[in-house]
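Student: Contents of start_3.cif (mmCIF, C-alpha atoms) are given next:
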```
data_entry
#
loop_
_atom_site.label_atom_id
_atom_site.label_comp_id
_atom_site.auth_asym_id
_atom_site.auth_seq_id
_atom_site.Cartn_x
_atom_site.Cartn_y
_atom_site.Cartn_z
CA MET A 818 19.78 14.91 7.63
CA SER A 819 19.33 15.22 11.38
CA THR A 820 22.43 14.55 13.42
CA ASP A 821 21.11 15.63 16.79
CA ALA A 822 20.22 13.35 19.67
CA ARG A 823 16.60 14.44 19.94
CA GLY A 824 13.66 12.11 19.48
CA PRO A 825 12.67 10.79 16.08
CA VAL A 826 10.44 12.49 13.56
CA ARG A 827 7.62 10.08 12.79
CA ALA A 828 5.23 10.67 9.92
CA ALA A 829 2.10 8.54 9.84
CA ILE A 830 -1.08 8.34 7.83
CA THR A 831 -3.80 5.91 6.76
CA VAL A 832 -4.35 5.01 3.11
CA SER A 833 -6.68 2.84 1.09
CA LEU A 834 -5.26 -0.13 -0.78
CA ASP A 835 -5.13 2.10 -3.86
CA GLY A 836 -3.21 4.78 -2.01
CA TYR A 837 -5.84 7.41 -1.19
CA VAL A 838 -5.82 9.27 2.13
CA THR A 839 -9.38 10.49 1.55
CA GLY A 840 -12.27 9.69 -0.73
CA PRO A 841 -13.62 12.51 -2.91
CA ASP A 842 -15.03 15.74 -1.45
CA ASP A 843 -13.26 15.74 1.90
CA ARG A 844 -14.27 18.73 3.98
CA PRO A 845 -15.26 19.65 7.53
CA GLY A 846 -18.02 17.25 8.51
CA GLN A 847 -16.65 14.50 6.28
CA GLY A 848 -12.94 14.75 6.85
CA LEU A 849 -12.06 11.55 5.00
CA GLY A 850 -14.30 12.25 2.00
CA VAL A 851 -17.22 10.27 0.60
CA GLY A 852 -16.91 6.66 1.74
CA GLY A 853 -13.68 7.47 3.52
CA GLU A 854 -14.93 6.50 6.97
CA ARG A 855 -13.68 2.99 6.20
CA LEU A 856 -10.11 4.28 6.36
CA HIS A 857 -10.55 4.93 10.07
CA TYR A 858 -12.51 1.90 11.25
CA TRP A 859 -9.29 0.98 13.06
CA VAL A 860 -9.30 4.31 14.91
CA MET A 861 -12.93 3.91 15.93
CA GLY A 862 -12.74 0.22 16.71
CA GLY A 863 -15.24 -0.64 13.97
CA PRO A 864 -17.71 0.77 11.47
CA TRP A 865 -18.83 4.36 12.01
CA THR A 866 -20.18 7.18 9.87
CA TYR A 867 -19.80 10.95 9.91
CA ALA A 868 -23.32 11.12 11.34
CA SER A 869 -22.50 8.98 14.35
CA GLU A 870 -20.88 10.07 17.59
CA HIS A 871 -17.79 8.20 18.69
CA GLU A 872 -14.99 8.79 21.14
CA PRO A 873 -11.97 8.27 18.87
CA GLY A 874 -9.97 5.28 19.94
CA ALA A 875 -12.36 4.25 22.67
CA GLY A 876 -12.84 0.84 21.13
CA MET A 877 -9.54 0.33 19.33
CA THR A 878 -8.54 -3.32 19.06
CA ASP A 879 -5.42 -4.47 20.88
CA ALA A 880 -3.44 -4.72 17.63
CA ASP A 881 -4.48 -1.27 16.47
CA ARG A 882 -3.72 0.18 19.89
CA ALA A 883 -0.29 -1.47 19.95
CA TYR A 884 0.59 0.24 16.67
CA TYR A 885 -0.82 3.56 17.80
CA ASP A 886 1.11 3.41 21.07
CA ALA A 887 4.35 2.54 19.26
CA LEU A 888 3.81 5.49 16.96
CA LEU A 889 3.34 7.98 19.76
CA ASP A 890 5.85 6.46 22.18
CA GLY A 891 8.19 9.22 23.29
CA THR A 892 6.68 11.89 21.05
CA THR A 893 6.05 15.19 22.80
CA GLY A 894 4.85 17.31 19.91
CA GLY A 895 3.50 17.26 16.42
CA VAL A 896 2.86 18.95 13.10
CA CYS A 897 -0.30 18.67 11.04
CA GLY A 898 -1.86 20.50 8.12
CA ARG A 899 -4.48 23.19 8.26
CA GLY A 900 -6.83 21.05 6.19
CA MET A 901 -6.62 18.21 8.69
CA TYR A 902 -7.05 20.64 11.58
CA ASP A 903 -10.15 22.14 9.99
CA CYS A 904 -11.58 18.77 8.93
CA ALA A 905 -11.16 17.47 12.47
CA GLY A 906 -13.03 20.53 13.77
CA ALA A 907 -9.85 21.49 15.65
CA TRP A 908 -10.51 18.39 17.73
CA GLY A 909 -13.09 20.38 19.63
CA GLY A 910 -10.68 23.25 20.30
CA ARG A 911 -8.03 21.38 22.27
CA ASN A 912 -5.04 19.32 21.08
CA PRO A 913 -5.82 15.75 22.21
CA PHE A 914 -2.31 14.40 21.54
CA GLY A 915 -0.44 16.19 24.34
CA GLY A 916 2.25 18.85 24.00
CA THR A 917 1.97 21.40 21.20
CA MET A 918 0.52 20.57 17.81
CA VAL A 919 1.89 22.97 15.21
CA VAL A 920 -0.61 23.60 12.44
CA LEU A 921 1.01 24.35 9.07
CA THR A 922 -0.95 27.11 7.39
CA HIS A 923 -0.71 30.27 5.29
CA ARG A 924 -3.29 31.87 7.58
CA THR A 925 -1.41 32.46 10.82
CA ALA A 926 -3.40 35.54 11.81
CA ASP A 927 -6.16 33.55 13.49
CA GLN A 928 -4.03 31.98 16.23
CA PRO A 929 -6.05 29.81 18.60
CA ASP A 930 -5.80 30.34 22.34
CA PRO A 931 -2.32 29.28 23.56
CA ASP A 932 -3.97 26.98 26.10
CA SER A 933 -5.53 25.01 23.24
CA GLY A 934 -2.22 23.30 22.52
CA PHE A 935 -2.27 24.50 18.90
CA LEU A 936 0.13 26.92 17.23
CA MET A 937 -0.30 28.19 13.66
CA VAL A 938 2.96 28.45 11.68
CA GLU A 939 3.65 29.16 8.00
CA GLY A 940 6.14 27.02 6.07
CA PHE A 941 7.14 23.43 6.71
CA ASP A 942 10.67 24.10 7.96
CA ALA A 943 9.44 26.76 10.39
CA ALA A 944 6.63 24.49 11.55
CA LEU A 945 9.01 21.63 12.29
CA ALA A 946 11.42 23.99 14.05
CA ALA A 947 8.57 25.34 16.19
CA ALA A 948 7.44 21.82 17.02
CA ARG A 949 11.01 20.92 18.01
CA GLU A 950 11.25 23.99 20.18
CA HIS A 951 8.10 23.07 22.07
CA ALA A 952 8.79 19.33 22.20
CA GLY A 953 12.19 19.52 23.89
CA ASP A 954 14.09 16.28 23.37
CA GLY A 955 10.97 14.26 22.57
CA GLY A 956 9.90 12.89 19.24
CA ILE A 957 7.73 14.72 16.73
CA ALA A 958 4.64 13.16 15.15
CA ILE A 959 3.80 14.40 11.67
CA GLY A 960 0.20 13.65 10.79
CA GLY A 961 -1.72 14.38 7.65
CA GLY A 962 -2.59 15.57 5.30
CA ALA A 963 -0.78 13.95 2.46
CA ASP A 964 0.97 17.15 1.42
CA ILE A 965 2.76 17.47 4.76
CA ILE A 966 3.89 13.85 4.66
CA ARG A 967 5.26 14.47 1.16
CA GLN A 968 7.01 17.68 2.22
CA ALA A 969 8.56 15.96 5.22
CA LEU A 970 9.78 13.00 3.15
CA ALA A 971 11.12 15.29 0.42
CA ALA A 972 12.97 17.37 3.04
CA GLY A 973 14.69 14.22 4.32
CA VAL A 974 13.66 14.85 7.93
CA VAL A 975 11.51 11.74 8.49
CA ASP A 976 13.11 9.06 10.65
CA GLU A 977 10.12 6.73 10.71
CA LEU A 978 7.13 6.41 8.40
CA GLY A 979 3.94 4.70 9.58
CA ILE A 980 1.62 3.52 6.84
CA THR A 981 -1.74 2.10 7.81
CA THR A 982 -3.58 0.40 4.96
CA ALA A 983 -7.33 -0.10 5.29
CA PRO A 984 -8.86 -3.05 3.40
CA VAL A 985 -10.74 -0.92 0.90
CA VAL A 986 -10.19 0.26 -2.67
CA LEU A 987 -11.68 3.77 -2.87
CA GLY A 988 -11.20 4.40 -6.59
CA ARG A 989 -11.10 8.17 -6.12
CA GLY A 990 -9.80 10.78 -3.72
CA LYS A 991 -6.53 12.35 -2.65
CA ARG A 992 -3.48 10.20 -3.26
CA LEU A 993 -0.74 10.11 -0.62
CA PHE A 994 2.13 10.03 -3.11
CA GLU A 995 0.56 12.28 -5.76
CA GLY A 996 3.35 14.08 -7.60
CA PHE A 997 6.03 12.68 -5.29
CA ASP A 998 8.96 11.62 -7.45
CA HIS A 999 11.70 10.84 -4.94
CA ASP A 1000 13.25 7.41 -4.54
CA VAL A 1001 13.29 6.32 -0.89
CA ASP A 1002 14.53 3.08 0.66
CA LEU A 1003 13.02 1.94 3.93
CA ASP A 1004 13.38 -0.84 6.47
CA ILE A 1005 10.40 -2.59 7.99
CA LEU A 1006 10.37 -2.02 11.77
CA SER A 1007 7.08 -3.63 12.78
CA VAL A 1008 3.83 -4.97 11.36
CA HIS A 1009 0.52 -5.02 13.21
CA HIS A 1010 -2.87 -5.97 11.87
CA SER A 1011 -6.48 -6.14 12.94
CA PRO A 1012 -9.63 -6.82 10.94
CA TYR A 1013 -9.64 -3.11 10.11
CA ALA A 1014 -6.11 -2.37 8.98
CA VAL A 1015 -2.52 -3.43 8.38
CA HIS A 1016 -0.02 -1.12 10.07
CA VAL A 1017 3.62 -1.01 9.03
CA ARG A 1018 6.27 1.09 10.72
CA TYR A 1019 9.26 1.81 8.48
CA ALA A 1020 12.64 3.36 9.18
CA VAL A 1021 13.66 5.75 6.42
CA ARG A 1022 17.19 5.00 5.23
CA ARG A 1023 19.58 7.96 4.98
CA MET B 1114 -20.08 -13.23 -9.68
CA SER B 1115 -18.94 -16.81 -9.57
CA THR B 1116 -21.38 -19.24 -8.03
CA ASP B 1117 -19.62 -22.46 -8.98
CA ALA B 1118 -17.78 -24.78 -6.63
CA ARG B 1119 -14.47 -24.55 -8.41
CA GLY B 1120 -11.31 -23.23 -6.80
CA PRO B 1121 -10.81 -19.56 -6.09
CA VAL B 1122 -9.49 -16.94 -8.47
CA ARG B 1123 -6.50 -15.33 -6.81
CA ALA B 1124 -4.91 -12.19 -8.19
CA ALA B 1125 -1.53 -11.22 -6.79
CA ILE B 1126 1.15 -8.67 -7.48
CA THR B 1127 3.98 -6.77 -5.81
CA VAL B 1128 3.91 -2.98 -5.45
CA SER B 1129 6.12 -0.28 -4.03
CA LEU B 1130 4.92 1.73 -1.06
CA ASP B 1131 3.75 4.36 -3.54
CA GLY B 1132 1.79 1.81 -5.55
CA TYR B 1133 4.02 1.11 -8.55
CA VAL B 1134 4.36 -2.39 -9.99
CA THR B 1135 7.44 -1.35 -11.98
CA GLY B 1136 9.88 1.51 -12.06
CA PRO B 1137 10.20 3.45 -15.31
CA ASP B 1138 11.28 1.81 -18.59
CA ASP B 1139 10.25 -1.77 -17.86
CA ARG B 1140 11.11 -4.06 -20.75
CA PRO B 1141 12.64 -7.46 -21.46
CA GLY B 1142 15.93 -7.55 -19.60
CA GLN B 1143 14.66 -5.23 -16.88
CA GLY B 1144 11.16 -6.49 -16.28
CA LEU B 1145 10.53 -4.39 -13.19
CA GLY B 1146 11.92 -1.17 -14.67
CA VAL B 1147 14.80 1.00 -13.51
CA GLY B 1148 15.40 0.40 -9.81
CA GLY B 1149 12.51 -2.05 -9.73
CA GLU B 1150 14.60 -5.04 -8.66
CA ARG B 1151 13.91 -3.98 -5.08
CA LEU B 1152 10.26 -4.98 -5.57
CA HIS B 1153 11.35 -8.60 -5.88
CA TYR B 1154 14.02 -8.95 -3.24
CA TRP B 1155 11.47 -11.15 -1.46
CA VAL B 1156 11.27 -13.45 -4.50
CA MET B 1157 15.03 -13.73 -4.77
CA GLY B 1158 15.68 -13.96 -1.05
CA GLY B 1159 17.66 -10.73 -1.03
CA PRO B 1160 19.26 -8.04 -3.19
CA TRP B 1161 19.81 -8.88 -6.85
CA THR B 1162 20.15 -6.99 -10.10
CA TYR B 1163 19.11 -7.65 -13.67
CA ALA B 1164 22.74 -8.41 -14.43
CA SER B 1165 22.97 -11.19 -11.85
CA GLU B 1166 21.89 -14.79 -12.21
CA HIS B 1167 19.49 -16.15 -9.64
CA GLU B 1168 17.19 -19.11 -9.36
CA PRO B 1169 13.89 -17.37 -8.49
CA GLY B 1170 12.75 -18.34 -5.03
CA ALA B 1171 15.82 -20.41 -4.26
CA GLY B 1172 16.57 -18.35 -1.21
CA MET B 1173 13.13 -17.11 -0.21
CA THR B 1174 12.78 -16.48 3.54
CA ASP B 1175 10.36 -18.65 5.50
CA ALA B 1176 7.82 -15.83 5.80
CA ASP B 1177 7.96 -15.00 2.09
CA ARG B 1178 7.69 -18.69 1.24
CA ALA B 1179 4.69 -19.13 3.55
CA TYR B 1180 2.85 -16.36 1.72
CA TYR B 1181 3.84 -17.70 -1.68
CA ASP B 1182 2.69 -21.20 -0.79
CA ALA B 1183 -0.65 -19.90 0.54
CA LEU B 1184 -1.14 -18.00 -2.69
CA LEU B 1185 -0.57 -21.01 -4.90
CA ASP B 1186 -2.20 -23.60 -2.61
CA GLY B 1187 -4.72 -25.50 -4.70
CA THR B 1188 -4.21 -23.45 -7.85
CA THR B 1189 -3.84 -25.52 -11.00
CA GLY B 1190 -3.70 -22.81 -13.63
CA GLY B 1191 -3.08 -19.15 -14.24
CA VAL B 1192 -3.48 -16.08 -16.37
CA CYS B 1193 -0.82 -13.45 -16.99
CA GLY B 1194 -0.25 -10.60 -19.41
CA ARG B 1195 1.83 -10.67 -22.55
CA GLY B 1196 4.01 -7.90 -21.18
CA MET B 1197 4.86 -9.95 -18.10
CA TYR B 1198 5.44 -13.04 -20.25
CA ASP B 1199 7.81 -11.15 -22.50
CA CYS B 1200 9.56 -9.37 -19.65
CA ALA B 1201 10.13 -12.69 -17.92
CA GLY B 1202 11.65 -14.07 -21.12
CA ALA B 1203 8.79 -16.62 -21.18
CA TRP B 1204 10.43 -18.07 -18.07
CA GLY B 1205 12.94 -19.74 -20.34
CA GLY B 1206 10.25 -21.25 -22.54
CA ARG B 1207 8.46 -23.37 -19.95
CA ASN B 1208 5.71 -22.43 -17.48
CA PRO B 1209 7.33 -22.85 -14.04
CA PHE B 1210 4.08 -22.65 -12.08
CA GLY B 1211 2.53 -25.98 -13.12
CA GLY B 1212 -0.61 -26.52 -15.18
CA THR B 1213 -1.38 -24.15 -18.03
CA MET B 1214 -0.55 -20.45 -17.90
CA VAL B 1215 -2.83 -18.54 -20.24
CA VAL B 1216 -1.12 -15.47 -21.68
CA LEU B 1217 -3.51 -12.62 -22.44
CA THR B 1218 -2.49 -11.03 -25.73
CA HIS B 1219 -3.71 -9.50 -28.98
CA ARG B 1220 -1.04 -11.50 -30.82
CA THR B 1221 -2.28 -15.08 -30.64
CA ALA B 1222 -0.70 -16.15 -33.93
CA ASP B 1223 2.65 -16.96 -32.34
CA GLN B 1224 1.45 -19.78 -30.07
CA PRO B 1225 4.27 -21.41 -28.15
CA ASP B 1226 4.71 -25.17 -28.19
CA PRO B 1227 1.80 -26.82 -26.31
CA ASP B 1228 4.34 -28.65 -24.13
CA SER B 1229 5.59 -25.29 -22.85
CA GLY B 1230 2.57 -24.95 -20.60
CA PHE B 1231 1.67 -21.59 -22.17
CA LEU B 1232 -1.43 -20.76 -24.21
CA MET B 1233 -2.00 -17.41 -25.94
CA VAL B 1234 -5.58 -16.13 -25.74
CA GLU B 1235 -7.14 -12.78 -26.69
CA GLY B 1236 -9.56 -11.04 -24.33
CA PHE B 1237 -9.72 -11.29 -20.55
CA ASP B 1238 -12.98 -13.26 -20.33
CA ALA B 1239 -11.78 -15.79 -22.90
CA ALA B 1240 -8.43 -16.07 -21.15
CA LEU B 1241 -10.04 -16.78 -17.79
CA ALA B 1242 -12.42 -19.31 -19.40
CA ALA B 1243 -9.50 -21.07 -21.06
CA ALA B 1244 -7.59 -21.14 -17.79
CA ARG B 1245 -10.64 -22.61 -16.05
CA GLU B 1246 -10.98 -25.24 -18.76
CA HIS B 1247 -7.39 -26.36 -18.28
CA ALA B 1248 -7.37 -26.06 -14.51
CA GLY B 1249 -10.33 -28.34 -13.79
CA ASP B 1250 -11.66 -27.71 -10.32
CA GLY B 1251 -8.45 -26.06 -9.10
CA GLY B 1252 -7.87 -22.42 -8.36
CA ILE B 1253 -6.63 -19.86 -10.85
CA ALA B 1254 -3.71 -17.52 -10.16
CA ILE B 1255 -3.84 -14.17 -11.92
CA GLY B 1256 -0.43 -12.55 -12.05
CA GLY B 1257 0.63 -9.26 -13.49
CA GLY B 1258 0.76 -6.97 -15.13
CA ALA B 1259 -1.27 -4.32 -13.45
CA ASP B 1260 -3.77 -4.11 -16.32
CA ILE B 1261 -4.84 -7.73 -15.89
CA ILE B 1262 -5.30 -7.30 -12.15
CA ARG B 1263 -7.45 -4.23 -12.84
CA GLN B 1264 -9.49 -6.06 -15.48
CA ALA B 1265 -10.05 -9.01 -13.16
CA LEU B 1266 -11.11 -6.77 -10.26
CA ALA B 1267 -13.39 -4.72 -12.51
CA ALA B 1268 -14.99 -7.91 -13.84
CA GLY B 1269 -15.81 -8.98 -10.29
CA VAL B 1270 -14.17 -12.40 -10.71
CA VAL B 1271 -11.44 -12.09 -8.09
CA ASP B 1272 -12.03 -14.09 -4.89
CA GLU B 1273 -8.73 -13.26 -3.26
CA LEU B 1274 -6.26 -10.42 -3.83
CA GLY B 1275 -2.65 -10.73 -2.71
CA ILE B 1276 -0.77 -7.48 -2.35
CA THR B 1277 2.92 -7.59 -1.55
CA THR B 1278 4.40 -4.23 -0.60
CA ALA B 1279 8.15 -3.80 -0.85
CA PRO B 1280 9.78 -1.24 1.49
CA VAL B 1281 10.67 1.22 -1.24
CA VAL B 1282 9.18 4.40 -2.68
CA LEU B 1283 9.95 4.35 -6.41
CA GLY B 1284 8.58 7.78 -7.32
CA ARG B 1285 7.90 6.77 -10.93
CA GLY B 1286 6.67 3.79 -12.93
CA LYS B 1287 3.46 1.91 -13.67
CA ARG B 1288 0.80 2.30 -10.99
CA LEU B 1289 -1.25 -0.77 -10.05
CA PHE B 1290 -4.52 1.13 -9.65
CA GLU B 1291 -3.97 3.66 -12.46
CA GLY B 1292 -7.39 4.67 -13.83
CA PHE B 1293 -9.21 2.13 -11.66
CA ASP B 1294 -12.30 3.88 -10.24
CA HIS B 1295 -14.25 1.04 -8.65
CA ASP B 1296 -15.02 0.89 -4.93
CA VAL B 1297 -14.11 -2.49 -3.48
CA ASP B 1298 -14.39 -3.75 0.10
CA LEU B 1299 -12.06 -6.49 1.26
CA ASP B 1300 -11.37 -8.61 4.31
CA ILE B 1301 -7.86 -9.28 5.56
CA LEU B 1302 -7.13 -13.03 5.39
CA SER B 1303 -3.49 -13.19 6.39
CA VAL B 1304 -0.42 -11.02 6.87
CA HIS B 1305 3.17 -12.21 6.44
CA HIS B 1306 6.31 -10.13 6.49
CA SER B 1307 10.03 -10.49 6.04
CA PRO B 1308 12.78 -7.87 5.82
CA TYR B 1309 11.93 -7.62 2.11
CA ALA B 1310 8.16 -7.27 2.00
CA VAL B 1311 4.79 -7.19 3.72
CA HIS B 1312 2.32 -9.64 2.18
CA VAL B 1313 -1.41 -9.30 2.72
CA ARG B 1314 -3.98 -11.75 1.41
CA TYR B 1315 -7.46 -10.21 1.10
CA ALA B 1316 -10.86 -11.75 0.36
CA VAL B 1317 -12.84 -9.58 -2.04
CA ARG B 1318 -16.35 -8.95 -0.71
CA ARG B 1319 -19.20 -9.59 -3.12
#
```
What do you get writing this file as structure tokens?

Tutor:
Amino acid sequence: MSTDARGPVRAAITVSLDGYVTGPDDRPGQGLGVGGERLHYWVMGGPWTYASEHEPGAGMTDADRAYYDALLDGTTGGVCGRGMYDCAGAWGGRNPFGGTMVVLTHRTADQPDPDSGFLMVEGFDAALAAAREHAGDGGIAIGGGADIIRQALAAGVVDELGITTAPVVLGRGKRLFEGFDHDVDLDILSVHHSPYAVHVRYAVRR
Amino acid sequence: MSTDARGPVRAAITVSLDGYVTGPDDRPGQGLGVGGERLHYWVMGGPWTYASEHEPGAGMTDADRAYYDALLDGTTGGVCGRGMYDCAGAWGGRNPFGGTMVVLTHRTADQPDPDSGFLMVEGFDAALAAAREHAGDGGIAIGGGADIIRQALAAGVVDELGITTAPVVLGRGKRLFEGFDHDVDLDILSVHHSPYAVHVRYAVRR
């Protein structure tokens, strides 16, 4: 339970209608798994495939952009998982979100260049503390993968949860709430939708 | 694949943010399982418990009502599962939704009074056919439980899918998409939300 006056911790992720954050066989080169590109049509502003080249967000619809901006408003740092970092190809070697992105990993020996905006840290609590240290009084964005979202929710440190649901049933893949057995009440803060997704921002009740 | 000019088949159900249609131990008297009342705050117009007496829908918010009306617009019959029928106490012995509600069950011997508006039928295809026969050219509403929604989606007979998501993580219960391994693309038709739920109506792509 955070009692400080610093910015909120916001966890956000995109799921299919059946609750998967990736299709099967997610790996570098197909970060959202087989058929999983459809989860991120909203990020790309429309259909894309792993084979195509897109500037992420270049064509985002106004509704998708409004959600995305609300999510990142006032955040000055973040935490993501090593799997997401690797699947995203380290975003080309430089953190595109501003500030420092702490990468949660057991393999902290291969630290990227400090100028990259990435910092490898082991353990969720230490990762969040490191992100806080770098982010000053700003908010912290917690991205995927699913395991980090679950750890953050279980630790009771999430102030806001953003769930984007893409209009697709994947049938297989990695489930966001797999093995998560906590009971959590939330309040709906905002709802945005485009042809590609429904975005809901929730406040987590303490 | 339906090619007739009759009304649409609409499947609809309420889930938690983690995809459960009930909490654990759902049974007559606590139809949505332990803690599951929160799934239906939108139906009741606010907090309620199994112990309290409420007229369903009496206090529905305008947004919840708008979704509910869109869902039932033009429908003249329905199909639901025996579990839902039993858990709802047979809605007091009379189908409150108008027309004939076909109850999918293996136990067809105990047919209710024909005036009740309920008809017991075995097998999903036969149940849908019976509902069609009684509904004329109108649409068919397919309610819970989760197994009927899955059967209808797997059979490719659903034109529209309504998913209501309540702002609660239950952690345990019956999962809507448990064991469902089909890949389904959908289009977002409408989005409504109240403090109690986010409602999305999807068209199922064929």

Student: So, with only C-alpha atoms as the atoms that count, which of B:Pro1137, B:Pro1121, B:Gly1158, B:Pro1209 lies closest to chain A?

Tutor: B:Pro1137

Student: Out of A:Val832, A:Ala969, A:Leu888, A:Ala822, which residue has the shortest atom-to-atom distance to chain B when counting all atoms listed in the file?

Tutor: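 Looking only at the distances to chain B, the closest residue turns out to be A:Val832.
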
Student: Evaluated on this file, the PyMOL selection byres ((chain B) within 12 of (chain A)) picks out some residues - which ones are they, written as a ChimeraX atom specification?

Tutor: /B:1128-1133,1136-1137,1147-1149,1151-1152,1263,1266-1267,1274-1286,1288-1318

Student: Would you work out the distance separating atom CA of B:Asp1139 from atom CA of B:Lys1287, expressed in Å to one decimal?

Tutor: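 Value for the atom CA of B:Asp1139-atom CA of B:Lys1287 distance: 8.8 Å.
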
Student: Just so the selection is clear, what residues does the PyMOL selection byres ((chain A and resi 922) around 9) cover here, as a list in words?

Tutor: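 With the shown file as input, the PyMOL selection byres ((chain A and resi 922) around 9) matches Gly898, Arg899, Gly900, Val920, Leu921, His923, Arg924, Thr925, Met937, Val938, Glu939, Gly940 and Phe941 of chain A.
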
Student: Report, in Å with one decimal, the straight-line distance from atom CA of A:Gln968 to atom CA of B:His1153.

Tutor: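 Taking atom CA of A:Gln968 as the start and atom CA of B:His1153 as the end point, the length is 27.8 Å.
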
Student: For a quick check of understanding, using only C-alpha atoms, which of A:Tyr885, A:Phe935, A:Tyr867, A:Tyr858 has the smallest distance to A:Thr917?

Tutor: A:Phe935

Student: Evaluate the PyMOL selection byres ((chain B and resi 1189) around 7) here and jot the selected residues down as a CSV table (one decimal) with C-alpha atoms, in the coordinates of the input.

Tutor:
```csv
chain,number,residue,atom,x,y,z
B,1187,GLY,CA,-4.7,-25.5,-4.7
B,1188,THR,CA,-4.2,-23.4,-7.8
B,1190,GLY,CA,-3.7,-22.8,-13.6
B,1211,GLY,CA,2.5,-26.0,-13.1
B,1212,GLY,CA,-0.6,-26.5,-15.2
B,1248,ALA,CA,-7.4,-26.1,-14.5
B,1251,GLY,CA,-8.4,-26.1,-9.1
B,1252,GLY,CA,-7.9,-22.4,-8.4
B,1253,ILE,CA,-6.6,-19.9,-10.8
```

Student: May I ask for the distance between atom CA of B:Gly1230 and atom CA of B:Gly1205, given in Å to one decimal place?

Tutor: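 Distance between the two atoms: 11.6 Å.
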
Student: Any idea what's packed within 8 Å of B:Gly1144, counting all atoms listed in the file, ignoring anything in its chain fewer than 3 positions away? Could you give it as a list in words?

Tutor: Thr1135, Asp1139, Arg1140, Pro1141, Met1197, Cys1200 and Ala1201 of chain B

Student: With all atoms listed in the file as the basis for distance, which of A:Val919, A:Ala963, A:Ala944, A:Met861 is at the shortest distance from A:Gly895?

Tutor: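 Of A:Val919, A:Ala963, A:Ala944, A:Met861, the one nearest A:Gly895 is A:Val919, counting all atoms listed in the file.
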